[in-house]
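Have a look at the structure below, then the notes.
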Amino acid sequence: MRIVTWNIAGCRTVRSAKQFDYYEGENRKYFLEHLAALQPDVVCLQETHGNRSYSLAKELAKELEMPHVFEKRCCPSHIDSQYKLCNAILSRQPFTDPRAKLLPHPSFQLYLHDKPVPPFDRYLISVQFPGFRVATLHVEPLDILGYDYSEGLGLEFGHTIDEFLVKQLEAPFVFTADLYAAHPTIPFPKFMSQFSLQDVLPAQVPTDPKGLRPDHIMCTPEWLPIHARVIPTQTDHFLCVADLQPDFQTSAFQ
């Protein structure tokens, strides 16, 4: 199975590595060309755009000939106020049991540019394939809201999400996410250890233009990672891809 994860910022390309320095308007062609070249089986997207009359995820899926789509609208977009940010899973093969679970909100005040802001609704979404689940997540962006998932209140909130994740998924699964954390074992230790998760992307390769590693593809031991890579793109998160093979010696795939 080839799985891709990408935070696409509403299909906006960027001028620079500065925060939110996007070119105006969708550049859907750019994103479609990169995705189509990979011929993925499953695509997990964060920060797609959607409202009652429009779904960017479904438009992309149509062009990619991936007819099975699960999308969940989350919080208002910071890019275009007429949309909400969404998480989405696109697939060539049918799936069942789509789930969207609202993450807990932080108990402390968040600040954007020194002004208090309400918490953002974020969802863990997942779908069931024969023998395994695929899930994707985009956590609260604490790094731009005055906190850090590696220390203090940010770390405490990370541990709250950790407890949440442990209760939501059962092995075997593949998990992709924009976690705002280069080392997920710090804010999410139980989740990582209880499921013996393998973080399959190259350990020292950044997944964004700032040289950070917020994006991850993980799998439980029932999967054998064959190859994974990060593709630099003109976007504020790079394109991440992994080829995974079921371990047919485990009961889950027998």
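All residue names refer to the structure tokens as shown: chains lettered A, B, ... in order, residues numbered from 1 in each chain, ligands numbered from 1 in order.
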
Among segment 9-198 of chain A, which residues does DSSP mark as alpha helix (DSSP H) when it is run on the backbone? Keep the chain and numbering as in the structure and answer as a PDB file with C-alpha atoms, in the first residue's frame.
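Listing of states-v4.pdb after writing:
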```pdb
ATOM      1  CA  ARG A  28      -4.953  22.879  -7.563  1.00  0.00           C
ATOM      2  CA  LYS A  29      -2.957  21.865 -10.632  1.00  0.00           C
ATOM      3  CA  TYR A  30       0.313  21.966  -8.662  1.00  0.00           C
ATOM      4  CA  PHE A  31      -0.996  19.650  -5.958  1.00  0.00           C
ATOM      5  CA  LEU A  32      -2.695  17.305  -8.399  1.00  0.00           C
ATOM      6  CA  GLU A  33       0.475  16.873 -10.449  1.00  0.00           C
ATOM      7  CA  HIS A  34       2.485  15.868  -7.386  1.00  0.00           C
ATOM      8  CA  LEU A  35      -0.168  13.487  -6.092  1.00  0.00           C
ATOM      9  CA  ALA A  36      -0.906  11.894  -9.454  1.00  0.00           C
ATOM     10  CA  ALA A  37       2.789  11.217 -10.058  1.00  0.00           C
ATOM     11  CA  LEU A  38       2.896   9.039  -6.942  1.00  0.00           C
ATOM     12  CA  LEU A  56     -11.742  20.672  -2.112  1.00  0.00           C
ATOM     13  CA  ALA A  57     -11.036  17.080  -1.066  1.00  0.00           C
ATOM     14  CA  LYS A  58     -13.770  15.744  -3.343  1.00  0.00           C
ATOM     15  CA  GLU A  59     -12.558  17.884  -6.238  1.00  0.00           C
ATOM     16  CA  LEU A  60      -9.039  16.503  -5.819  1.00  0.00           C
ATOM     17  CA  ALA A  61     -10.344  12.947  -5.463  1.00  0.00           C
ATOM     18  CA  LYS A  62     -12.318  13.279  -8.699  1.00  0.00           C
ATOM     19  CA  GLU A  63      -9.224  14.346 -10.640  1.00  0.00           C
ATOM     20  CA  LEU A  64      -7.133  11.582  -9.054  1.00  0.00           C
ATOM     21  CA  GLY A 152       4.803  23.255  30.363  1.00  0.00           C
ATOM     22  CA  LEU A 153       1.080  23.554  29.694  1.00  0.00           C
ATOM     23  CA  GLY A 154       1.623  22.499  26.089  1.00  0.00           C
ATOM     24  CA  LEU A 155       3.167  19.221  27.196  1.00  0.00           C
ATOM     25  CA  GLU A 156       0.326  18.633  29.666  1.00  0.00           C
ATOM     26  CA  PHE A 157      -2.171  19.185  26.863  1.00  0.00           C
ATOM     27  CA  GLY A 158      -0.189  16.785  24.676  1.00  0.00           C
ATOM     28  CA  HIS A 159      -0.610  14.136  27.364  1.00  0.00           C
ATOM     29  CA  THR A 160      -4.372  14.772  27.305  1.00  0.00           C
ATOM     30  CA  ILE A 161      -4.403  14.116  23.557  1.00  0.00           C
ATOM     31  CA  ASP A 162      -2.221  11.068  24.241  1.00  0.00           C
ATOM     32  CA  GLU A 163      -4.886   9.558  26.502  1.00  0.00           C
ATOM     33  CA  PHE A 164      -7.537  10.370  23.904  1.00  0.00           C
ATOM     34  CA  LEU A 165      -5.654   8.630  21.081  1.00  0.00           C
ATOM     35  CA  VAL A 166      -5.053   5.473  23.095  1.00  0.00           C
ATOM     36  CA  LYS A 167      -8.813   5.083  23.524  1.00  0.00           C
ATOM     37  CA  GLN A 168      -9.769   5.763  19.893  1.00  0.00           C
ATOM     38  CA  PRO A 189       4.269   8.561  24.976  1.00  0.00           C
ATOM     39  CA  LYS A 190       1.446   6.118  25.761  1.00  0.00           C
ATOM     40  CA  PHE A 191       0.103   6.167  22.213  1.00  0.00           C
ATOM     41  CA  MET A 192       3.540   5.500  20.765  1.00  0.00           C
ATOM     42  CA  SER A 193       4.478   2.761  23.252  1.00  0.00           C
ATOM     43  CA  GLN A 194       1.154   0.949  23.665  1.00  0.00           C
TER      44      GLN A 194
END
```

Spatial neighbours of segment 206-212 of chain A, 6 Å, only C-alpha atoms, chain gap at least 5 places, as a PyMOL selection string: chain A and resi 17+236-238

Residues within 10 Å of Pro94 of chain A, only C-alpha atoms, excluding chain neighbours under 2 positions, as a list in words: Met66, Pro67, His68, Val69, Leu90, Ser91, Arg92, Thr96, Val127, Gln128, Phe129 and Pro130 of chain A

Excluding same-chain residues fewer than 5 positions from Thr136 of chain A, what lies within 6 Å of it counting only C-alpha atoms, as a PDB file with N, CA and C atoms, in the first residue's frame?
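Final output, saved to selection_19.pdb:
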```
ATOM      1  N   LEU A 124      -9.855  13.725  14.939  1.00  0.00           N
ATOM      2  CA  LEU A 124      -9.220  12.497  14.458  1.00  0.00           C
ATOM      3  C   LEU A 124     -10.234  11.819  13.556  1.00  0.00           C
ATOM      4  N   ILE A 125      -9.878  11.597  12.291  1.00  0.00           N
ATOM      5  CA  ILE A 125     -10.777  10.867  11.404  1.00  0.00           C
ATOM      6  C   ILE A 125     -10.114   9.553  11.007  1.00  0.00           C
ATOM      7  N   PHE A 175      -1.321   5.499  10.755  1.00  0.00           N
ATOM      8  CA  PHE A 175      -1.684   6.795  11.334  1.00  0.00           C
ATOM      9  C   PHE A 175      -0.822   7.869  10.699  1.00  0.00           C
ATOM     10  N   THR A 176      -1.464   8.885  10.146  1.00  0.00           N
ATOM     11  CA  THR A 176      -0.726  10.008   9.583  1.00  0.00           C
ATOM     12  C   THR A 176      -1.195  11.274  10.284  1.00  0.00           C
ATOM     13  N   ALA A 177      -0.285  12.252  10.410  1.00  0.00           N
ATOM     14  CA  ALA A 177      -0.680  13.438  11.171  1.00  0.00           C
ATOM     15  C   ALA A 177       0.282  14.593  10.973  1.00  0.00           C
TER      16      ALA A 177
END
```

Neighbour list for segment 222-235 of chain A as an NGL selection string, cut-off 8 Å, only C-alpha atoms, skip fewer than 3 positions in-chain: :A and (8 or 12-15 or 172 or 200-202 or 205-209 or 219 or 238-248 or 250 or 252-253)

Near-Pro118 of chain A list (9 Å; only C-alpha atoms; drop same-chain fewer than 6 positions) as a list of chain:residue names: A:Gln109, A:Leu110, A:Tyr111

Using only C-alpha atoms: which of A:Leu169, A:Ala9, A:Ala100, A:Leu112 has the shortest distance to Phe132 of chain A: A:Leu169

Among the residues A:Asp41, A:Asp80, A:Asp114, A:Asp121, the one that comes closest to Val134 of chain A [using only C-alpha atoms]: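 Checking each candidate against Val134 of chain A, we get A:Asp41 as the closest.
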
Can you list, as an mmCIF file with N, CA and C atoms, in the first residue's frame, all residues belonging to segment 53-110 of chain A that DSSP tags as strand (DSSP E or B)?
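Result file follows (out.cif):
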```
data_model
loop_
_atom_site.group_PDB
_atom_site.id
_atom_site.type_symbol
_atom_site.label_atom_id
_atom_site.label_comp_id
_atom_site.auth_asym_id
_atom_site.auth_seq_id
_atom_site.Cartn_x
_atom_site.Cartn_y
_atom_site.Cartn_z
ATOM 1 N N TYR A 54 -19.081 23.288 -1.195
ATOM 2 C CA TYR A 54 -17.798 23.020 -1.859
ATOM 3 C C TYR A 54 -16.948 22.104 -0.999
ATOM 4 N N SER A 55 -16.291 21.170 -1.660
ATOM 5 C CA SER A 55 -15.344 20.278 -0.993
ATOM 6 C C SER A 55 -14.091 20.163 -1.854
ATOM 7 N N HIS A 68 -13.489 7.180 -3.343
ATOM 8 C CA HIS A 68 -13.959 6.987 -1.974
ATOM 9 C C HIS A 68 -13.335 8.054 -1.079
ATOM 10 N N VAL A 69 -14.183 8.901 -0.487
ATOM 11 C CA VAL A 69 -13.713 10.071 0.252
ATOM 12 C C VAL A 69 -14.463 10.175 1.574
ATOM 13 N N PHE A 70 -13.705 10.401 2.631
ATOM 14 C CA PHE A 70 -14.297 10.779 3.918
ATOM 15 C C PHE A 70 -13.666 12.094 4.339
ATOM 16 N N GLU A 71 -14.521 13.068 4.614
ATOM 17 C CA GLU A 71 -14.050 14.407 4.940
ATOM 18 C C GLU A 71 -14.797 14.922 6.162
ATOM 19 N N LYS A 72 -14.081 15.636 7.025
ATOM 20 C CA LYS A 72 -14.704 16.243 8.199
ATOM 21 C C LYS A 72 -14.302 17.709 8.282
ATOM 22 N N ARG A 73 -15.292 18.598 8.257
ATOM 23 C CA ARG A 73 -15.021 20.014 8.448
ATOM 24 C C ARG A 73 -14.694 20.265 9.915
ATOM 25 N N CYS A 74 -13.674 21.088 10.145
ATOM 26 C CA CYS A 74 -13.187 21.318 11.506
ATOM 27 C C CYS A 74 -13.406 22.775 11.915
ATOM 28 N N CYS A 75 -12.355 23.580 11.907
ATOM 29 C CA CYS A 75 -12.427 24.955 12.389
ATOM 30 C C CYS A 75 -12.368 25.934 11.217
ATOM 31 N N PRO A 76 -12.715 27.216 11.439
ATOM 32 C CA PRO A 76 -12.621 28.199 10.360
ATOM 33 C C PRO A 76 -11.205 28.293 9.801
ATOM 34 N N LYS A 84 -14.134 26.248 5.963
ATOM 35 C CA LYS A 84 -13.560 25.618 7.142
ATOM 36 C C LYS A 84 -12.386 24.737 6.708
ATOM 37 N N LEU A 85 -11.420 24.603 7.606
ATOM 38 C CA LEU A 85 -10.370 23.621 7.389
ATOM 39 C C LEU A 85 -10.945 22.229 7.607
ATOM 40 N N CYS A 86 -10.494 21.281 6.802
ATOM 41 C CA CYS A 86 -11.010 19.915 6.876
ATOM 42 C C CYS A 86 -9.862 18.917 6.922
ATOM 43 N N ASN A 87 -10.137 17.764 7.489
ATOM 44 C CA ASN A 87 -9.310 16.577 7.310
ATOM 45 C C ASN A 87 -10.022 15.677 6.312
ATOM 46 N N ALA A 88 -9.271 14.943 5.516
ATOM 47 C CA ALA A 88 -9.896 14.075 4.527
ATOM 48 C C ALA A 88 -9.032 12.855 4.265
ATOM 49 N N ILE A 89 -9.703 11.746 3.950
ATOM 50 C CA ILE A 89 -9.047 10.515 3.509
ATOM 51 C C ILE A 89 -9.626 10.153 2.158
ATOM 52 N N LEU A 90 -8.753 10.003 1.160
ATOM 53 C CA LEU A 90 -9.131 9.632 -0.201
ATOM 54 C C LEU A 90 -8.595 8.228 -0.473
ATOM 55 N N SER A 91 -9.374 7.424 -1.165
ATOM 56 C CA SER A 91 -8.947 6.043 -1.406
ATOM 57 C C SER A 91 -9.405 5.542 -2.765
ATOM 58 N N THR A 96 -15.141 1.252 5.004
ATOM 59 C CA THR A 96 -16.354 1.266 5.821
ATOM 60 C C THR A 96 -16.070 2.012 7.121
ATOM 61 N N ASP A 97 -17.116 2.179 7.906
ATOM 62 C CA ASP A 97 -17.038 2.699 9.277
ATOM 63 C C ASP A 97 -16.232 3.985 9.394
ATOM 64 N N PRO A 98 -16.570 5.030 8.631
ATOM 65 C CA PRO A 98 -15.867 6.302 8.808
ATOM 66 C C PRO A 98 -16.191 6.909 10.178
ATOM 67 N N ARG A 99 -15.161 7.406 10.850
ATOM 68 C CA ARG A 99 -15.341 7.982 12.186
ATOM 69 C C ARG A 99 -14.654 9.341 12.261
ATOM 70 N N ALA A 100 -15.286 10.258 12.976
ATOM 71 C CA ALA A 100 -14.695 11.563 13.268
ATOM 72 C C ALA A 100 -14.871 11.839 14.747
ATOM 73 N N LYS A 101 -13.766 11.979 15.456
ATOM 74 C CA LYS A 101 -13.791 12.175 16.899
ATOM 75 C C LYS A 101 -13.157 13.522 17.238
ATOM 76 N N LEU A 102 -13.925 14.372 17.913
ATOM 77 C CA LEU A 102 -13.444 15.689 18.303
ATOM 78 C C LEU A 102 -12.378 15.567 19.376
ATOM 79 N N LEU A 110 -5.522 30.465 24.836
ATOM 80 C CA LEU A 110 -4.638 30.516 23.680
ATOM 81 C C LEU A 110 -4.518 31.959 23.199
#
```
